[in-house]
file model.pdb (PDB, C-alpha atoms)
ATOM      1  CA  MET X   1      48.433  -7.364 -47.121
ATOM      2  CA  ILE X   2      47.401  -7.430 -50.786
ATOM      3  CA  ILE X   3      43.837  -8.319 -51.760
ATOM      4  CA  THR X   4      43.270  -9.704 -55.251
ATOM      5  CA  LEU X   5      41.038 -12.066 -57.215
ATOM      6  CA  VAL X   6      42.023 -15.562 -58.348
ATOM      7  CA  PRO X   7      40.371 -18.404 -60.295
ATOM      8  CA  LYS X   8      38.991 -21.447 -58.467
ATOM      9  CA  TYR X   9      42.128 -23.602 -58.844
ATOM     10  CA  LEU X  10      44.157 -20.983 -56.897
ATOM     11  CA  ASN X  11      41.484 -20.376 -54.245
ATOM     12  CA  LYS X  12      43.254 -22.183 -51.395
ATOM     13  CA  GLU X  13      45.825 -21.130 -48.822
ATOM     14  CA  GLY X  14      49.377 -21.886 -49.918
ATOM     15  CA  SER X  15      48.660 -21.714 -53.665
ATOM     16  CA  THR X  16      51.379 -19.909 -55.578
ATOM     17  CA  PHE X  17      51.256 -18.216 -58.943
ATOM     18  CA  GLN X  18      53.092 -15.772 -61.155
ATOM     19  CA  PHE X  19      51.231 -12.659 -62.291
ATOM     20  CA  ILE X  20      52.197 -12.255 -65.942
ATOM     21  CA  SER X  21      50.314  -9.131 -67.059
ATOM     22  CA  PRO X  22      46.851  -7.597 -67.343
ATOM     23  CA  LEU X  23      44.659  -8.881 -70.168
ATOM     24  CA  LYS X  24      43.261  -6.368 -72.636
ATOM     25  CA  GLU X  25      39.908  -8.203 -72.498
ATOM     26  CA  CYS X  26      39.574  -7.086 -68.877
ATOM     27  CA  SER X  27      39.943  -3.348 -69.568
ATOM     28  CA  THR X  28      36.185  -2.725 -69.203
ATOM     29  CA  CYS X  29      35.647  -4.865 -66.082
ATOM     30  CA  ASN X  30      34.685  -3.043 -62.865
ATOM     31  CA  LEU X  31      36.952  -5.378 -60.846
ATOM     32  CA  ARG X  32      40.122  -4.920 -62.927
ATOM     33  CA  ASN X  33      41.820  -2.753 -60.274
ATOM     34  CA  VAL X  34      41.513  -5.578 -57.737
ATOM     35  CA  CYS X  35      42.757  -8.225 -60.194
ATOM     36  CA  TYR X  36      45.596  -6.123 -61.517
ATOM     37  CA  ASN X  37      47.016  -4.559 -58.371
ATOM     38  CA  LEU X  38      49.946  -7.005 -58.590
ATOM     39  CA  ASN X  39      53.442  -6.475 -59.995
ATOM     40  CA  VAL X  40      54.019  -7.821 -63.499
ATOM     41  CA  ASN X  41      56.122 -11.042 -63.584
ATOM     42  CA  SER X  42      56.102 -11.311 -59.776
ATOM     43  CA  TYR X  43      55.284 -14.436 -57.770
ATOM     44  CA  TYR X  44      52.564 -14.535 -55.119
ATOM     45  CA  LYS X  45      51.347 -16.926 -52.425
ATOM     46  CA  VAL X  46      47.725 -17.062 -51.235
ATOM     47  CA  THR X  47      47.785 -16.455 -47.475
ATOM     48  CA  LYS X  48      44.069 -16.129 -46.681
ATOM     49  CA  ILE X  49      40.776 -16.982 -48.350
ATOM     50  CA  ARG X  50      38.222 -14.188 -48.077
ATOM     51  CA  GLY X  51      35.290 -16.284 -49.342
ATOM     52  CA  LYS X  52      33.745 -13.660 -51.639
ATOM     53  CA  GLU X  53      32.912 -14.827 -55.176
ATOM     54  CA  HIS X  54      32.628 -12.596 -58.265
ATOM     55  CA  ASN X  55      31.544 -13.124 -61.861
ATOM     56  CA  CYS X  56      34.351 -13.238 -64.434
ATOM     57  CA  PHE X  57      34.091 -13.941 -68.154
ATOM     58  CA  ILE X  58      37.789 -14.929 -68.462
ATOM     59  CA  HIS X  59      38.326 -17.730 -65.939
ATOM     60  CA  GLU X  60      36.921 -21.258 -65.939
ATOM     61  CA  GLY X  61      33.492 -21.447 -64.349
ATOM     62  CA  ASN X  62      33.046 -17.690 -64.925
ATOM     63  CA  LYS X  63      34.020 -16.998 -61.302
ATOM     64  CA  VAL X  64      36.932 -15.490 -59.359
ATOM     65  CA  TYR X  65      37.467 -15.432 -55.610
ATOM     66  CA  THR X  66      38.765 -12.813 -53.191
ATOM     67  CA  VAL X  67      42.010 -13.755 -51.444
ATOM     68  CA  GLU X  68      44.891 -12.167 -49.584
ATOM     69  CA  VAL X  69      48.344 -12.720 -51.098
ATOM     70  CA  GLN X  70      51.944 -11.903 -50.300
ATOM     71  CA  GLU X  71      54.691 -11.396 -52.828
ATOM     72  CA  GLU X  72      57.211 -14.230 -52.915
ATOM     73  CA  LYS X  73      60.843 -14.125 -53.906
ATOM     74  CA  LYS X  74      61.354 -15.076 -57.513
ATOM     75  CA  PRO X  75      63.429 -18.261 -57.913
ATOM     76  CA  ILE X  76      65.599 -18.529 -61.010
ATOM     77  CA  MET X  77      68.603 -20.509 -62.197
ATOM     78  CA  ILE X  78      71.692 -18.358 -62.813
ATOM     79  CA  GLN X  79      75.315 -18.985 -63.725
ATOM     80  CA  ARG X  80      77.298 -20.090 -60.673
ATOM     81  CA  LYS X  81      80.108 -17.582 -61.339
ATOM     82  CA  MET X  82      77.582 -14.708 -61.031
ATOM     83  CA  ALA X  83      75.819 -16.103 -57.947
ATOM     84  CA  LYS X  84      76.794 -13.669 -55.227
ATOM     85  CA  GLU X  85      74.259 -12.359 -52.725
ATOM     86  CA  GLY X  86      73.572  -8.670 -53.258
ATOM     87  CA  ALA X  87      75.125  -8.603 -56.737
ATOM     88  CA  ILE X  88      73.353  -6.895 -59.607
ATOM     89  CA  ILE X  89      73.986  -9.008 -62.677
ATOM     90  CA  THR X  90      73.001  -9.198 -66.335
ATOM     91  CA  TYR X  91      70.838 -12.283 -66.792
ATOM     92  CA  LYS X  92      71.788 -14.730 -69.550
ATOM     93  CA  HIS X  93      69.126 -17.291 -70.507
ATOM     94  CA  THR X  94      70.339 -20.906 -70.705
ATOM     95  CA  LYS X  95      69.453 -22.904 -73.799
ATOM     96  CA  CYS X  96      68.109 -26.262 -72.633
ATOM     97  CA  ASP X  97      65.296 -28.587 -73.685
ATOM     98  CA  TYR X  98      64.947 -30.677 -70.509
ATOM     99  CA  TYR X  99      61.320 -29.685 -69.755
ATOM    100  CA  GLU X 100      60.870 -32.483 -67.194
ATOM    101  CA  CYS X 101      63.610 -30.892 -65.057
ATOM    102  CA  PRO X 102      62.563 -30.015 -61.505
ATOM    103  CA  PHE X 103      63.913 -26.502 -62.199
ATOM    104  CA  ALA X 104      62.288 -25.975 -65.615
ATOM    105  CA  ASP X 105      60.061 -23.152 -64.293
ATOM    106  CA  GLU X 106      63.072 -21.375 -62.792
ATOM    107  CA  CYS X 107      65.284 -21.936 -65.804
ATOM    108  CA  ILE X 108      64.033 -22.528 -69.325
ATOM    109  CA  LEU X 109      60.426 -21.419 -68.678
ATOM    110  CA  ASN X 110      61.090 -18.297 -66.615
ATOM    111  CA  LEU X 111      59.936 -14.952 -67.993
ATOM    112  CA  VAL X 112      63.048 -12.929 -67.216
ATOM    113  CA  LYS X 113      64.247 -11.295 -70.412
ATOM    114  CA  ASP X 114      67.744 -12.040 -71.659
ATOM    115  CA  GLU X 115      70.199  -9.237 -70.800
ATOM    116  CA  SER X 116      67.928  -7.925 -67.968
ATOM    117  CA  LYS X 117      69.548  -6.469 -64.877
ATOM    118  CA  ILE X 118      68.561  -8.475 -61.788
ATOM    119  CA  LYS X 119      69.573  -8.358 -58.138
ATOM    120  CA  VAL X 120      70.586 -11.641 -56.472
ATOM    121  CA  LEU X 121      68.931 -11.829 -53.040
ATOM    122  CA  SER X 122      70.008 -15.299 -51.932
ATOM    123  CA  ILE X 123      71.556 -18.490 -53.271
ATOM    124  CA  ARG X 124      70.180 -21.987 -52.742
ATOM    125  CA  ALA X 125      72.250 -25.160 -52.786
ATOM    126  CA  ASN X 126      70.158 -26.639 -55.620
ATOM    127  CA  LYS X 127      72.081 -27.097 -58.831
ATOM    128  CA  CYS X 128      71.352 -28.050 -62.419
ATOM    129  CA  PRO X 129      70.685 -31.794 -62.893
ATOM    130  CA  LYS X 130      71.941 -31.569 -66.507
ATOM    131  CA  GLY X 131      75.371 -30.435 -65.340
ATOM    132  CA  TYR X 132      75.200 -26.854 -66.579
ATOM    133  CA  ASP X 133      77.079 -24.546 -64.228
ATOM    134  CA  LEU X 134      73.871 -23.093 -62.735
ATOM    135  CA  VAL X 135      72.513 -22.622 -59.220
ATOM    136  CA  GLU X 136      69.106 -21.615 -57.961
ATOM    137  CA  ALA X 137      68.806 -18.086 -56.626
ATOM    138  CA  ASP X 138      66.093 -15.727 -55.413
ATOM    139  CA  ILE X 139      66.113 -12.467 -57.324
ATOM    140  CA  GLU X 140      64.465  -9.089 -57.304
TER     141      GLU X 140
END
call {"tool": "encode", "arguments": {"input": "model.pdb", "output": "structure tokens"}}
result
Amino acid sequence: MIITLVPKYLNKEGSTFQFISPLKECSTCNLRNVCYNLNVNSYYKVTKIRGKEHNCFIHEGNKVYTVEVQEEKKPIMIQRKMAKEGAIITYKHTKCDYYECPFADECILNLVKDESKIKVLSIRANKCPKGYDLVEADIE
């Protein structure tokens, strides 16, 4: 179980989010260790609402809420020829401008750096609607 703080719009069971990185503006906050006890660029799902509210000068409404989260697998679109469960591959970002795509977050908007080493955990049947030779995969 991981306890963290989230803004109001994420304060409901089942909400998912990606933790990008700590903000330098929060370096003096007494609650920063609770907010930033998550792994950078990892995905999380809210599993339980704790109900405690705290003041926060960063988030809308100047409030954050205590929740329990669990780390989720990170979905991403990868080249089909590299999509083998258990494989450690070098990620190659696809150049595409189809931002309305149902996989835009996993593909063109993901935060995985080009040429990063990633481990393929599982492959999903979903494939690229634009016809690029990509499939959706969970990675580590």
call {"tool": "atom_distance", "arguments": {"input": "model.pdb", "atom1": "CA of Ser21 in chain X", "atom2": "CA of Ala87 in chain X"}}
result
26.9 Å
call {"tool": "resolve_selection", "arguments": {"input": "model.pdb", "expression": "the PyMOL selection byres ((chain X and resi 60-71) around 7)", "output": "PDB file with C-alpha atoms, keeping the file's coordinate frame"}}
result
ATOM      1  CA  MET X   1      48.433  -7.364 -47.121  1.00  0.00           C
ATOM      2  CA  ILE X   2      47.401  -7.430 -50.786  1.00  0.00           C
ATOM      3  CA  ILE X   3      43.837  -8.319 -51.760  1.00  0.00           C
ATOM      4  CA  THR X   4      43.270  -9.704 -55.251  1.00  0.00           C
ATOM      5  CA  LEU X   5      41.038 -12.066 -57.215  1.00  0.00           C
ATOM      6  CA  VAL X   6      42.023 -15.562 -58.348  1.00  0.00           C
ATOM      7  CA  PRO X   7      40.371 -18.404 -60.295  1.00  0.00           C
ATOM      8  CA  LYS X   8      38.991 -21.447 -58.467  1.00  0.00           C
ATOM      9  CA  ASN X  11      41.484 -20.376 -54.245  1.00  0.00           C
ATOM     10  CA  TYR X  43      55.284 -14.436 -57.770  1.00  0.00           C
ATOM     11  CA  TYR X  44      52.564 -14.535 -55.119  1.00  0.00           C
ATOM     12  CA  LYS X  45      51.347 -16.926 -52.425  1.00  0.00           C
ATOM     13  CA  VAL X  46      47.725 -17.062 -51.235  1.00  0.00           C
ATOM     14  CA  THR X  47      47.785 -16.455 -47.475  1.00  0.00           C
ATOM     15  CA  LYS X  48      44.069 -16.129 -46.681  1.00  0.00           C
ATOM     16  CA  ILE X  49      40.776 -16.982 -48.350  1.00  0.00           C
ATOM     17  CA  ARG X  50      38.222 -14.188 -48.077  1.00  0.00           C
ATOM     18  CA  GLY X  51      35.290 -16.284 -49.342  1.00  0.00           C
ATOM     19  CA  LYS X  52      33.745 -13.660 -51.639  1.00  0.00           C
ATOM     20  CA  GLU X  53      32.912 -14.827 -55.176  1.00  0.00           C
ATOM     21  CA  HIS X  54      32.628 -12.596 -58.265  1.00  0.00           C
ATOM     22  CA  ASN X  55      31.544 -13.124 -61.861  1.00  0.00           C
ATOM     23  CA  CYS X  56      34.351 -13.238 -64.434  1.00  0.00           C
ATOM     24  CA  PHE X  57      34.091 -13.941 -68.154  1.00  0.00           C
ATOM     25  CA  ILE X  58      37.789 -14.929 -68.462  1.00  0.00           C
ATOM     26  CA  HIS X  59      38.326 -17.730 -65.939  1.00  0.00           C
ATOM     27  CA  GLU X  72      57.211 -14.230 -52.915  1.00  0.00           C
ATOM     28  CA  LYS X  73      60.843 -14.125 -53.906  1.00  0.00           C
TER      29      LYS X  73
END
call {"tool": "closest_residue", "arguments": {"input": "model.pdb", "among": "X:Ile108, X:Lys127, X:Pro102, X:Ala137", "to": "Ala83 in chain X", "atoms": "all atoms listed in the file"}}
result
X:Ala137
call {"tool": "atom_distance", "arguments": {"input": "model.pdb", "atom1": "CA of Tyr9 in chain X", "atom2": "CA of Glu140 in chain X"}}
result
26.7 Å
call {"tool": "atom_distance", "arguments": {"input": "model.pdb", "atom1": "CA of Cys107 in chain X", "atom2": "CA of Cys128 in chain X"}}
result
9.3 Å
call {"tool": "closest_residue", "arguments": {"input": "model.pdb", "among": "X:Thr28, X:Asn110, X:Thr16, X:Thr94", "to": "Asn41 in chain X", "atoms": "all atoms listed in the file"}}
result
X:Asn110
call {"tool": "residues_around", "arguments": {"input": "model.pdb", "residues": "Thr90 in chain X", "least_positions_apart": "5", "cutoff": "7 Å", "atoms": "all atoms listed in the file", "output": "list in words"}}
result
Glu115, Ser116, Lys117 and Ile118 of chain X
call {"tool": "write_last_selection", "arguments": {"input": "model.pdb", "atoms": "C-alpha atoms", "output": "PDB file, keeping the file's coordinate frame"}}
result
ATOM      1  CA  GLU X 115      70.199  -9.237 -70.800  1.00  0.00           C
ATOM      2  CA  SER X 116      67.928  -7.925 -67.968  1.00  0.00           C
ATOM      3  CA  LYS X 117      69.548  -6.469 -64.877  1.00  0.00           C
ATOM      4  CA  ILE X 118      68.561  -8.475 -61.788  1.00  0.00           C
TER       5      ILE X 118
END
call {"tool": "closest_residue", "arguments": {"input": "model.pdb", "among": "X:Leu10, X:Cys96, X:Ile78, X:Leu23", "to": "Val112 in chain X", "atoms": "all atoms listed in the file"}}
result
X:Ile78
call {"tool": "closest_residue", "arguments": {"input": "model.pdb", "among": "X:Leu121, X:Pro22, X:Tyr99, X:Ile76", "to": "Leu38 in chain X", "atoms": "only C-alpha atoms"}}
result
X:Pro22
call {"tool": "closest_residue", "arguments": {"input": "model.pdb", "among": "X:Pro129, X:Asp105, X:Tyr36, X:Lys84", "to": "Lys24 in chain X", "atoms": "all atoms listed in the file"}}
result
X:Tyr36
call {"tool": "closest_residue", "arguments": {"input": "model.pdb", "among": "X:Gly131, X:Tyr91, X:Phe19, X:Gly14", "to": "Asp114 in chain X", "atoms": "all atoms listed in the file"}}
result
X:Tyr91
call {"tool": "residues_around", "arguments": {"input": "model.pdb", "residues": "Ile139 in chain X", "least_positions_apart": "6", "cutoff": "6 Å", "atoms": "all atoms listed in the file", "output": "list in words"}}
result
Lys74, Lys119, Val120 and Leu121 of chain X
call {"tool": "axis_aligned_box", "arguments": {"input": "model.pdb", "around": "range 15-27 of chain X", "padding_each_side": "3 Å", "output": "AutoDock Vina command-line options"}}
result
--center_x 46.3 --center_y -12.5 --center_z -63.2 --size_x 19.5 --size_y 24.4 --size_z 25.0
call {"tool": "build_atoms", "arguments": {"input": "model.pdb", "residues": "range 30-56 of chain X", "atoms": "N, CA and C atoms", "output": "mmCIF file, in the coordinates of the input"}}
result
data_model
loop_
_atom_site.group_PDB
_atom_site.id
_atom_site.type_symbol
_atom_site.label_atom_id
_atom_site.label_comp_id
_atom_site.auth_asym_id
_atom_site.auth_seq_id
_atom_site.Cartn_x
_atom_site.Cartn_y
_atom_site.Cartn_z
ATOM 1 N N ASN X 30 34.696 -3.887 -64.074
ATOM 2 C CA ASN X 30 34.685 -3.043 -62.865
ATOM 3 C C ASN X 30 35.649 -3.537 -61.788
ATOM 4 N N LEU X 31 36.065 -4.794 -61.859
ATOM 5 C CA LEU X 31 36.952 -5.378 -60.846
ATOM 6 C C LEU X 31 38.422 -5.379 -61.249
ATOM 7 N N ARG X 32 38.751 -4.819 -62.402
ATOM 8 C CA ARG X 32 40.122 -4.920 -62.927
ATOM 9 C C ARG X 32 41.164 -4.356 -61.963
ATOM 10 N N ASN X 33 40.835 -3.328 -61.198
ATOM 11 C CA ASN X 33 41.820 -2.753 -60.274
ATOM 12 C C ASN X 33 42.160 -3.710 -59.129
ATOM 13 N N VAL X 34 41.243 -4.598 -58.790
ATOM 14 C CA VAL X 34 41.513 -5.578 -57.737
ATOM 15 C C VAL X 34 42.326 -6.738 -58.325
ATOM 16 N N CYS X 35 42.006 -7.139 -59.543
ATOM 17 C CA CYS X 35 42.757 -8.225 -60.194
ATOM 18 C C CYS X 35 44.183 -7.799 -60.527
ATOM 19 N N TYR X 36 44.325 -6.570 -60.955
ATOM 20 C CA TYR X 36 45.596 -6.123 -61.517
ATOM 21 C C TYR X 36 46.365 -5.169 -60.612
ATOM 22 N N ASN X 37 46.237 -5.351 -59.311
ATOM 23 C CA ASN X 37 47.016 -4.559 -58.371
ATOM 24 C C ASN X 37 48.316 -5.268 -57.988
ATOM 25 N N LEU X 38 48.733 -6.229 -58.824
ATOM 26 C CA LEU X 38 49.946 -7.005 -58.590
ATOM 27 C C LEU X 38 51.054 -6.543 -59.522
ATOM 28 N N ASN X 39 52.290 -6.850 -59.169
ATOM 29 C CA ASN X 39 53.442 -6.475 -59.995
ATOM 30 C C ASN X 39 53.653 -7.483 -61.118
ATOM 31 N N VAL X 40 53.822 -6.983 -62.323
ATOM 32 C CA VAL X 40 54.019 -7.821 -63.499
ATOM 33 C C VAL X 40 55.246 -8.720 -63.312
ATOM 34 N N ASN X 41 55.094 -9.988 -63.660
ATOM 35 C CA ASN X 41 56.122 -11.042 -63.584
ATOM 36 C C ASN X 41 56.545 -11.403 -62.158
ATOM 37 N N SER X 42 55.778 -10.967 -61.160
ATOM 38 C CA SER X 42 56.102 -11.311 -59.776
ATOM 39 C C SER X 42 55.346 -12.562 -59.342
ATOM 40 N N TYR X 43 55.875 -13.229 -58.321
ATOM 41 C CA TYR X 43 55.284 -14.436 -57.770
ATOM 42 C C TYR X 43 54.529 -14.094 -56.494
ATOM 43 N N TYR X 44 53.400 -14.787 -56.286
ATOM 44 C CA TYR X 44 52.564 -14.535 -55.119
ATOM 45 C C TYR X 44 52.115 -15.842 -54.493
ATOM 46 N N LYS X 45 51.850 -15.779 -53.177
ATOM 47 C CA LYS X 45 51.347 -16.926 -52.425
ATOM 48 C C LYS X 45 50.045 -16.508 -51.754
ATOM 49 N N VAL X 46 49.009 -17.332 -51.875
ATOM 50 C CA VAL X 46 47.725 -17.062 -51.235
ATOM 51 C C VAL X 46 47.886 -17.341 -49.744
ATOM 52 N N THR X 47 47.613 -16.318 -48.919
ATOM 53 C CA THR X 47 47.785 -16.455 -47.475
ATOM 54 C C THR X 47 46.460 -16.554 -46.724
ATOM 55 N N LYS X 48 45.366 -16.073 -47.353
ATOM 56 C CA LYS X 48 44.069 -16.129 -46.681
ATOM 57 C C LYS X 48 42.958 -16.115 -47.727
ATOM 58 N N ILE X 49 41.954 -16.941 -47.493
ATOM 59 C CA ILE X 49 40.776 -16.982 -48.350
ATOM 60 C C ILE X 49 39.743 -16.032 -47.748
ATOM 61 N N ARG X 50 39.229 -15.141 -48.554
ATOM 62 C CA ARG X 50 38.222 -14.188 -48.077
ATOM 63 C C ARG X 50 36.797 -14.703 -48.257
ATOM 64 N N GLY X 51 36.600 -15.670 -49.188
ATOM 65 C CA GLY X 51 35.290 -16.284 -49.342
ATOM 66 C C GLY X 51 34.320 -15.576 -50.274
ATOM 67 N N LYS X 52 34.638 -14.398 -50.732
ATOM 68 C CA LYS X 52 33.745 -13.660 -51.639
ATOM 69 C C LYS X 52 33.971 -14.134 -53.067
ATOM 70 N N GLU X 53 32.878 -14.338 -53.795
ATOM 71 C CA GLU X 53 32.912 -14.827 -55.176
ATOM 72 C C GLU X 53 32.398 -13.723 -56.100
ATOM 73 N N HIS X 54 33.023 -13.612 -57.281
ATOM 74 C CA HIS X 54 32.628 -12.596 -58.265
ATOM 75 C C HIS X 54 32.514 -13.237 -59.645
ATOM 76 N N ASN X 55 31.665 -12.659 -60.478
ATOM 77 C CA ASN X 55 31.544 -13.124 -61.861
ATOM 78 C C ASN X 55 32.759 -12.676 -62.656
ATOM 79 N N CYS X 56 33.189 -13.536 -63.589
ATOM 80 C CA CYS X 56 34.351 -13.238 -64.434
ATOM 81 C C CYS X 56 34.184 -13.985 -65.751
#
